[in-house]
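These notes are about the structure you will find just below.
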Amino acid sequence: MLRSKKTSLSVALLLASSLTLGACSAGSTTGGEGGGAAKTSITVALSGPPVNLDFTTTAGSAIPQALMANVYQGLVRVDQDGKIQPLLADSWELSPDRTTYTFKLHPGVTFSSGDAFTADDVKFSIDRVKSDAWKSSLKAKMNVVKDVVVVSDTEVKVVLKQPSNAWLFDMGSRIGAMFDPKGVGDLANTPVGTGPYTVSSWKPGESMEMSARTDYWGQAPKVKTATLRYFADATATTNALQSGDVDVVYNMQAPELLSSFQGNKDYQVLEGTSTGEIILSMNNKAAPFNDVRVRQAVMYAIDRKAVRDTAWNGLGTLVGGPVPPTDSYYEDLNGVYPFNPDKARALLKEAGAENLNITFSVPTRPYATAVSEIVVSQLKDVGINAKIASTEFPAVWLDKVFTKHDYQMSVILAVEPRDVLTMFNDPNYYIGFDNSKIKADAAAADMADEAGYVSGMKKVVRTIVEQAGSDTLFLFPNIVVAKSGVTGIPANAVSEGLDLSVMGWK
C-alpha cells in the first residue's frame with residue numbers, strides 16, 4: 001500500500017488544547033498599514049503556558065501546541081481534515097502482512113543545527129521514545145514497534161510486532177517528532193528540530209518568540225517572526241486584541257465576549273471544530289469514586305446540555321463519550337446517561353453514599369471555572385457536596401492531580417489526538433480506570449482490519465461509558481477571533497501543534 005504526496009490515509013483526529021500568546025510587536029511591518037511592505041510578524045494569544053519546552057518528560061498539551069509543526073516535525077502530519085499526509089517522509093509502503101512500513105525520506109532536510117536529517121535520525125528518535133529518556137506516558141504508543149532498520153540515508157523500515165491501526169496516526173503526534181541526536185542535551189530550554197522556526201526567546205509563563213529559518217527545507221513561513229503570548233485571564237486576551245497588542249486570539253476562552261467582534265469589519269470570527277473533550281474526571285481508585293455506582297450517579301446527576309449552554313454559551317457538541325465525531329469509531333452515547341436526578345439519588349442510596357462531601361480540584365483555566373460552578377450546583381441537588389479547591393494550572397494541577405493522583409474529582413480539557421486508550425487503558429493513568437474489561441478488546445481492535453477496528457473500538461468506548469470511567473461534558477469548540485487582515489488561520493484544532501508558518505497577512 002503506497003502513500004504519497006498525492007494520496008492520503010483518512011483518519012479521525014483530535015486536538016488540541018489551547019494556549020494564549022501575543023507580543024508588543026503585533027503585526028509589525030517594514031512599512032505602514034495598507035501602504036507599505038508586507039507585515040513580517042504575527043502575535044497569537046493563548047492560555048496555559050508550558051512549564052518547560054520538553055514534551056518527552058513533561059505532560060500536557062501546551063508544549064506540543066507551541067513546538068510541533070513549528071520546531072519539531074514527524075515523518076507524517078495530520079491535516080485540517082483529519083487525514084495523514086507526508087511530511088519528512090515523501091511516501092511509504094505497508095507490507096502485505098501489515099507489519100512493516102518502508103518510508104522514503106525527503107532529501108535535503110536539515111535540522112536547525114545545520115546537521116542533515118537522515119534515516120539514522122529516524123531510528124534514533126523512535127528508539128529514544130522506547131528508552132528511559134522518554135518519561136511521558138504517551139511513550140506506550142510506541143510499544144508496538146519491534147525494530148527500526150536503516151536501509152540508506154533516505155530510506156528506513158519500521159517493523160511492528162503486530163498490525164496496528166493506530167500507529168501511523170500516532171506518528172503524526174509528539175511521539176513521532178524527529179530529533180537531532182546532538183540536540184537532546186537541553187530539550188527543556190533549547191529545542192532543535194527540522195521545522196520552519198527556531199525559538200529565539202522564551203519567557204516562562206509570559207511569551208515565546210519564534211524566528212523563521214532562512215535555511216528551512218520546505219516552503220518558507222509567511223512571517224519572519226511569530227510570537228505566542230500567554231494570558232491567564234480570558235478577558236485580557238480580548239482586551240489585548242482590541243488594543244492591538246495581539247493579532248489573533250486562538251481558542252477563545254470567553255465566548256460571552258464574542259458579540260464584541262461579530263459583525264465588526266475590523267475582525268474575523270472563526271468557529272472551528274475540535275477533538276478536545278471537557279472531561280469531568282473521577283478518581284476511580286479513590287473513595288467514593290472507586291464504587292461504580294457513585295460514578296454512575298454523577299453521570300445521571302449532570303445535565304450536560306445545561307452545563308454547555310450555561311458555561312459556554314451553547315457552543316460545543318454533546319457527544320456522550322470520550323470520542324469526537326471525527327474519529328471513525330465515534331458513536332453518539334448521549335442516551336446512555338440521560339439527565340435523571342432521581343436515578344442518581346437511588347444509586348447513591350444503594351451504594352450507602354448519601355450526603356457525600358468531596359473535594360473538586362478545579363484547574364485555573366476559564367473553561368474549568370465556568371464548568372465547575374454549574375457542576376457543583378447539580379451535584380448538590382442529588383446530595384453530593386463538592387467543595388472547589390482552585391488548583392494552579394499547569395504546574396500544581398500536573399503535579400498534584402495528574403502525577404500524584406491526589407484528588408477526588410477534577411475537570412480538564414483533554415486534547416491529545418485519539419486519547420481514549422491513553423486515558424482508560426492504563427490503570428496507572430491519573431483517572432485510575434480498571435482496564436481489565438477493555439484491554440483484550442482494544443488489542444484485538446488495533447490488529448483487526450478497518451471494519452474490525454471500528455466495531456471493536458465502539459465496543460471498547462461503550463464499556464468505558466457504561467462503567468462511568470469519567471463524564472465527557474461536551475466537545476470543546478475552537479473559537480478564533482483575529483484581525484480582519486490575518487490569513488491562513490488553522491480553524492480546526494485537530495492536531496497537537498498550532499502551525500504558525502501558514503499564518504500571514506493580506
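Identifiers in the C-alpha cells: chain A, B, ... in order shown; residue index from 1 per chain; ligand index from 1 in order shown.
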
task = Tell me which protein, DNA and RNA residues are within 10 Å of range 218-220 of chain A, counting only C-alpha atoms, leaving out same-chain ones fewer than 6 positions away, and put them as a count of residues only.
result = 12

ask   = Which residues come within 10 Å of Phe424 in chain A, counting only C-alpha atoms, excluding same-chain residues fewer than 6 positions away, as a ChimeraX atom specification?
value = /A:322,430-435,438-439,460-461,464,469-470

Pull N, CA and C atoms from the residues just selected and write them as a PDB file, in the first residue's frame.
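Produced file again.pdb, reproduced below:
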```pdb
ATOM      1  N   PRO A 322     -15.993   9.719  25.431  1.00  0.00           N
ATOM      2  CA  PRO A 322     -14.680  10.351  25.232  1.00  0.00           C
ATOM      3  C   PRO A 322     -14.119  10.210  23.829  1.00  0.00           C
ATOM      4  N   TYR A 430      -3.941   8.949  35.577  1.00  0.00           N
ATOM      5  CA  TYR A 430      -4.498   9.660  36.729  1.00  0.00           C
ATOM      6  C   TYR A 430      -5.967   9.336  36.991  1.00  0.00           C
ATOM      7  N   ILE A 431      -6.714   8.913  35.969  1.00  0.00           N
ATOM      8  CA  ILE A 431      -8.122   8.566  36.169  1.00  0.00           C
ATOM      9  C   ILE A 431      -8.256   7.258  36.933  1.00  0.00           C
ATOM     10  N   GLY A 432      -7.288   6.343  36.764  1.00  0.00           N
ATOM     11  CA  GLY A 432      -7.295   5.097  37.520  1.00  0.00           C
ATOM     12  C   GLY A 432      -8.353   4.104  37.096  1.00  0.00           C
ATOM     13  N   PHE A 433      -8.746   4.131  35.826  1.00  0.00           N
ATOM     14  CA  PHE A 433      -9.796   3.237  35.346  1.00  0.00           C
ATOM     15  C   PHE A 433      -9.300   1.793  35.290  1.00  0.00           C
ATOM     16  N   ASP A 434     -10.130   0.860  35.762  1.00  0.00           N
ATOM     17  CA  ASP A 434      -9.803  -0.565  35.699  1.00  0.00           C
ATOM     18  C   ASP A 434      -9.968  -1.029  34.254  1.00  0.00           C
ATOM     19  N   ASN A 435      -8.844  -1.248  33.570  1.00  0.00           N
ATOM     20  CA  ASN A 435      -8.902  -1.552  32.142  1.00  0.00           C
ATOM     21  C   ASN A 435      -9.058  -3.036  31.842  1.00  0.00           C
ATOM     22  N   ILE A 438     -11.517  -3.877  29.113  1.00  0.00           N
ATOM     23  CA  ILE A 438     -11.335  -3.377  27.745  1.00  0.00           C
ATOM     24  C   ILE A 438     -10.000  -3.756  27.121  1.00  0.00           C
ATOM     25  N   LYS A 439      -9.049  -4.209  27.910  1.00  0.00           N
ATOM     26  CA  LYS A 439      -7.685  -4.428  27.416  1.00  0.00           C
ATOM     27  C   LYS A 439      -7.638  -5.367  26.218  1.00  0.00           C
ATOM     28  N   VAL A 460     -15.244  -0.996  22.923  1.00  0.00           N
ATOM     29  CA  VAL A 460     -14.379  -0.512  24.000  1.00  0.00           C
ATOM     30  C   VAL A 460     -14.947   0.769  24.613  1.00  0.00           C
ATOM     31  N   VAL A 461     -15.319   1.717  23.760  1.00  0.00           N
ATOM     32  CA  VAL A 461     -15.816   3.005  24.245  1.00  0.00           C
ATOM     33  C   VAL A 461     -17.126   2.836  25.002  1.00  0.00           C
ATOM     34  N   ILE A 464     -16.399   1.629  28.480  1.00  0.00           N
ATOM     35  CA  ILE A 464     -15.877   2.720  29.313  1.00  0.00           C
ATOM     36  C   ILE A 464     -17.016   3.591  29.825  1.00  0.00           C
ATOM     37  N   GLY A 469     -16.302   5.638  33.491  1.00  0.00           N
ATOM     38  CA  GLY A 469     -14.896   5.966  33.735  1.00  0.00           C
ATOM     39  C   GLY A 469     -14.683   7.443  34.008  1.00  0.00           C
ATOM     40  N   SER A 470     -15.414   8.279  33.305  1.00  0.00           N
ATOM     41  CA  SER A 470     -15.427   9.726  33.531  1.00  0.00           C
ATOM     42  C   SER A 470     -16.650  10.261  32.788  1.00  0.00           C
TER      43      SER A 470
END
```

request  = Give me every alpha helix (DSSP H) residue in range 42-158 of chain A, going by DSSP on the backbone, as a VMD selection string.
outcome  = chain A and resid 62 to 67 119 to 129

Since we have the selection now, will you write its residues out, keeping N, CA and C atoms, as an mmCIF file, in the first residue's frame?
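Written file, out_16.cif:
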```cif
data_model
loop_
_atom_site.group_PDB
_atom_site.id
_atom_site.type_symbol
_atom_site.label_atom_id
_atom_site.label_comp_id
_atom_site.auth_asym_id
_atom_site.auth_seq_id
_atom_site.Cartn_x
_atom_site.Cartn_y
_atom_site.Cartn_z
ATOM 1 N N ALA A 62 0.443 22.016 26.244
ATOM 2 C CA ALA A 62 0.979 23.346 25.946
ATOM 3 C C ALA A 62 2.277 23.290 25.153
ATOM 4 N N ILE A 63 3.157 22.357 25.494
ATOM 5 C CA ILE A 63 4.458 22.296 24.806
ATOM 6 C C ILE A 63 4.295 21.858 23.351
ATOM 7 N N PRO A 64 3.639 20.724 23.087
ATOM 8 C CA PRO A 64 3.487 20.343 21.675
ATOM 9 C C PRO A 64 2.652 21.331 20.873
ATOM 10 N N GLN A 65 1.724 22.029 21.503
ATOM 11 C CA GLN A 65 0.950 23.023 20.759
ATOM 12 C C GLN A 65 1.872 24.091 20.194
ATOM 13 N N ALA A 66 2.847 24.494 20.994
ATOM 14 C CA ALA A 66 3.769 25.533 20.556
ATOM 15 C C ALA A 66 4.839 25.005 19.606
ATOM 16 N N LEU A 67 5.343 23.800 19.853
ATOM 17 C CA LEU A 67 6.539 23.336 19.151
ATOM 18 C C LEU A 67 6.295 22.394 17.977
ATOM 19 N N ALA A 119 17.959 8.783 7.786
ATOM 20 C CA ALA A 119 17.282 7.625 8.363
ATOM 21 C C ALA A 119 17.852 7.267 9.730
ATOM 22 N N ASP A 120 19.113 7.583 9.966
ATOM 23 C CA ASP A 120 19.701 7.317 11.291
ATOM 24 C C ASP A 120 18.981 8.114 12.374
ATOM 25 N N ASP A 121 18.537 9.314 12.026
ATOM 26 C CA ASP A 121 17.815 10.146 12.992
ATOM 27 C C ASP A 121 16.416 9.594 13.262
ATOM 28 N N VAL A 122 15.820 8.961 12.253
ATOM 29 C CA VAL A 122 14.525 8.315 12.456
ATOM 30 C C VAL A 122 14.677 7.178 13.466
ATOM 31 N N LYS A 123 15.698 6.360 13.260
ATOM 32 C CA LYS A 123 15.937 5.252 14.193
ATOM 33 C C LYS A 123 16.226 5.783 15.599
ATOM 34 N N PHE A 124 17.064 6.808 15.680
ATOM 35 C CA PHE A 124 17.391 7.393 16.984
ATOM 36 C C PHE A 124 16.140 7.902 17.686
ATOM 37 N N SER A 125 15.293 8.617 16.946
ATOM 38 C CA SER A 125 14.117 9.239 17.549
ATOM 39 C C SER A 125 13.106 8.209 18.039
ATOM 40 N N ILE A 126 12.848 7.181 17.227
ATOM 41 C CA ILE A 126 11.884 6.148 17.627
ATOM 42 C C ILE A 126 12.438 5.327 18.784
ATOM 43 N N ASP A 127 13.701 4.954 18.689
ATOM 44 C CA ASP A 127 14.324 4.187 19.782
ATOM 45 C C ASP A 127 14.330 4.988 21.077
ATOM 46 N N ARG A 128 14.482 6.291 20.965
ATOM 47 C CA ARG A 128 14.528 7.136 22.167
ATOM 48 C C ARG A 128 13.178 7.161 22.882
ATOM 49 N N VAL A 129 12.091 7.142 22.098
ATOM 50 C CA VAL A 129 10.766 7.095 22.725
ATOM 51 C C VAL A 129 10.632 5.832 23.569
#
```

message = Would you pick out the contacts of Glu331 in chain A at 12 Å or less, using only C-alpha atoms, so that residues sharing its chain but fewer than 4 positions from it are not included, and give the list as number ranges by chain?
response = A: 318-327, 335-336, 454-455, 457-462, 465

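Here CA of Ser173 in chain A is placed at a distance of 17.4 Å from CA of Glu277 in chain A.
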
request  = Write out as a PyMOL selection string which residues come within 8 Å of Val294 in chain A when counting only C-alpha atoms, dropping same-chain ones fewer than 6 positions away.
outcome  = chain A and resi 288+347-348+351+353

request  = Would you mind listing what lies within 9 Å of range 136-138 of chain A as number ranges by chain, with only C-alpha atoms counted and same-chain residues fewer than 5 positions away left out?
outcome  = A: 55-59, 174-175, 422, 429

query = Do you know which residues are at most 12 Å from range 90-102 of chain A counting only C-alpha atoms, after dropping those on the same chain fewer than 4 positions away, and could you put them as a ChimeraX atom specification?
reply = /A:1-9,74-77,84-86,106-109,119,122,144-152,154-165,167-168,171,446-450

key: Among the residues A:Val362, A:Leu187, A:Val223, A:Ile279, the one that comes closest to Asp419 in chain A [using only C-alpha atoms]   = A:Ile279

ask   = By how many Å are CA of Thr403 in chain A and CA of Pro427 in chain A apart?
value = 13.0 Å

query = Which residues come within 10 Å of Phe476 in chain A, counting only C-alpha atoms, excluding same-chain residues fewer than 6 positions away, as a PyMOL selection string?
reply = chain A and resi 15-17+251+272-278+308+312+315-318+324+367+413-415+493

inquiry  = So, with only C-alpha atoms as the atoms that count, which of A:Ala166, A:Ala395, A:Ile302, A:Ala254 lies closest to Ala140 in chain A?
reply    =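 Checking each of A:Ala166, A:Ala395, A:Ile302, A:Ala254 against Ala140 in chain A, counting only C-alpha atoms, the winner is A:Ala166.
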
ask   = In terms of the shortest atom-to-atom distance over only C-alpha atoms, which of A:Val486, A:Ala45, A:Leu280, A:Ala368 is closest to Glu392 in chain A?
value =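 So, comparing all the options, the nearest one is A:Ala368.
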
Best match for closeness to Val371 in chain A among A:Ala26, A:Met299, A:Pro181, A:Arg304, counting only C-alpha atoms =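 Of all the options, A:Arg304 lies closest to Val371 in chain A.
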
With DSSP run on the backbone, what are the strand (DSSP E) residues within range 90-182 of chain A? I'd like them as a PDB file with C-alpha atoms, in the first residue's frame.
```
ATOM      1  CA  ASP A  90       7.719  11.690   0.884  1.00  0.00           C
ATOM      2  CA  SER A  91       5.955   8.332   0.763  1.00  0.00           C
ATOM      3  CA  TRP A  92       5.599   4.984   2.491  1.00  0.00           C
ATOM      4  CA  GLU A  93       4.663   1.403   1.715  1.00  0.00           C
ATOM      5  CA  LEU A  94       2.997  -1.087   4.048  1.00  0.00           C
ATOM      6  CA  THR A 100       6.423  -3.290   8.067  1.00  0.00           C
ATOM      7  CA  TYR A 101       6.386   0.347   6.949  1.00  0.00           C
ATOM      8  CA  THR A 102       9.055   1.436   4.458  1.00  0.00           C
ATOM      9  CA  PHE A 103       9.489   5.213   4.430  1.00  0.00           C
ATOM     10  CA  LYS A 104      11.186   7.213   1.671  1.00  0.00           C
ATOM     11  CA  LEU A 105      12.552  10.380   3.270  1.00  0.00           C
ATOM     12  CA  VAL A 145       7.424  -1.162  17.339  1.00  0.00           C
ATOM     13  CA  LYS A 146       9.743  -4.184  17.161  1.00  0.00           C
ATOM     14  CA  ASP A 147      12.663  -2.739  15.214  1.00  0.00           C
ATOM     15  CA  VAL A 148      13.820   0.184  13.098  1.00  0.00           C
ATOM     16  CA  VAL A 149      16.116  -0.715  10.194  1.00  0.00           C
ATOM     17  CA  VAL A 150      18.175   1.885   8.320  1.00  0.00           C
ATOM     18  CA  VAL A 151      18.282   0.956   4.634  1.00  0.00           C
ATOM     19  CA  SER A 152      20.022   4.099   3.374  1.00  0.00           C
ATOM     20  CA  GLU A 155      15.061   5.005   3.397  1.00  0.00           C
ATOM     21  CA  VAL A 156      14.045   3.383   6.671  1.00  0.00           C
ATOM     22  CA  LYS A 157      11.921   0.393   7.634  1.00  0.00           C
ATOM     23  CA  VAL A 158       9.846   0.291  10.824  1.00  0.00           C
ATOM     24  CA  VAL A 159       8.864  -3.238  11.828  1.00  0.00           C
ATOM     25  CA  LEU A 160       5.856  -3.681  14.126  1.00  0.00           C
TER      26      LEU A 160
END
```

message = Here is a test: counting only C-alpha atoms, which residue of A:Tyr330, A:Phe289, A:Phe117, A:Phe179 is nearest to Val71 in chain A?
response = A:Phe179

inquiry  = Under the rule that only C-alpha atoms are counted, which of A:Pro338, A:Gly60, A:Gly82, A:Gly263 is the nearest residue to Asn492 in chain A?
reply    = A:Gly82

request  = Can you work out the spacing between CA of Phe261 in chain A and CA of Ala234 in chain A in Å, to one decimal?
outcome  = 14.7 Å
